[in-house]
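A.B. asks: Right, I'll just put the structure down here and ask away after.
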Amino acid sequence: MEEYIQGVVAAEMPASFELEALKAQAVAARTYTLRKLIDGRKYALNADLSDNIYECQAYISWVEFGDRHPRDKEQWQKKIMQACNETRGEIMLYQGEPIDALYHSTCGGITESALESWGKDIPYLRSTNCNYCRQSKYYESIQVFSSGELHRLTGVSNTEAIKILTKTPAGRSKKLKLDNRLISAEEFRRILQLPSTWWSLKKHKNNLLIISKGYGHGLGMCQYGANGMAAQGKNYHDILGKYYKDIDFYRMNY
């Protein structure tokens with residue numbers, strides 16, 4: 001388990017982040033892993049887990065990590081191992097059960113609730129304000145699409161024909177209208193490869209400007225927010241308690 005968690009932290013969070021943020025990531029990843037194992041879903045090749053981020057979480061070996069970071073490998077590997085060792089066996093519980101410890105890169109100022117994303121109220125996955133992720137390049141970003149690109153990707157060339165119909169209380173889009181066709185924000189995000197579903201749309205000449213906030217689904221821990229909190233002196237329990245409501249910490253004895 002701990003060897004696997006090291007590989008997840010190495011893949012999921014920049015090793016340049018603060019140690020307390022890496023420790024928060026280790027606890028979140030370990031909890032998420034245990035929840036997946038308990039749920040018992042099988043992945044490709046009948047595996048217990050997957051490194052496909054769309055169905056599980058990322059993972060890399062130390063060899064691959066070294067290839068990605070040839071200059072800083074030893075320093076950063078030591079830091080990641082420290083974060084994992086100092087939280088060894090630690091997980092988050094809600095009413096005695098390991099939580100579904102979702103996390104994402106950048107919330108853009110406020111995290112999302114499971115009720116709005118999934119239509120299911122999960123008490124520990126509630127929306128919370130986050131003033132800590134502004135250092136992320138994805139805090140706010142702009143994507144530009146010509147009418148030709150839009151037509152190729154969506155079948156709609158008139159930028160005026162694309163309208164956001166509904167949004168969550170946190171500000172993320174839920175449903176859009178493309179001409180006379182309804183589409184979910186998640187599908188629109190996937191088609192255009194947008195960083196999140198938190199958008200405002202602007203027309204400029206024949207182009208559609210999509211101003212996006214954040215990166216990822218917005219549920220659970222904001223990783224850049226975790227780093228911002230750590231930089232202000234918060235410890236990993238403070239960080240996790242901010243993004244997952246009413247949780248308890250438990251250390252497995254192994």
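By convention in this document, the chains of the structure tokens carry letters A, B, ... by their order, each chain's residues are numbered from 1, and ligands are numbered from 1 in the order they are shown.
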Neighbours of region 168-180 of chain A within 7 Å (only C-alpha atoms; same-chain residues fewer than 3 positions away dropped), as a ChimeraX atom specification?
C.D. replies: /A:110,112,116,156,161-165,183-185,197-199
A.B. asks: Mind checking which residues fall within 7 Å of Met221 (chain A), counting only C-alpha atoms, ignoring those fewer than 3 positions away in the same chain, and posting them as a ChimeraX atom specification?
C.D. replies: /A:102-104,243
A.B. asks: Please, which residues of region 55-242 of chain A, numbered as in this document, come out alpha helix (DSSP H) from DSSP, as a VMD selection string?
C.D. replies: chain A and resid 62 to 68 73 to 86 114 to 118 147 to 154 185 to 192 223 to 231 236 to 242
A.B. asks: Just give me the gap between CA of Ile142 (chain A) and CA of Ile210 (chain A) in Å, one decimal is fine.
C.D. replies: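 Answer for the CA of Ile142 (chain A) to CA of Ile210 (chain A) separation: 5.7 Å.
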A.B. asks: Please compute the CA of Asn85 (chain A)-CA of Ala26 (chain A) distance, one decimal, in Å.
C.D. replies: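 CA of Ala26 (chain A) lies 9.2 Å from CA of Asn85 (chain A).
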A.B. asks: Between CA of Ala101 (chain A) and CA of Gly218 (chain A), what is the spacing in Å?
C.D. replies: 12.2 Å
A.B. asks: Between A:Leu208, A:Ile239, A:Leu37, A:Met81, which one has atoms that come closest to Gln6 (chain A), using only C-alpha atoms?
C.D. replies: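 Checking each candidate against Gln6 (chain A), we get A:Met81 as the closest.
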A.B. asks: Counting only C-alpha atoms, figure out which residue out of A:Asp48, A:Asp100, A:Glu3, A:Glu18 gets nearest to Ile247 (chain A).
C.D. replies: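 Residue with the minimum atom-to-atom distance to Ile247 (chain A): A:Asp100.
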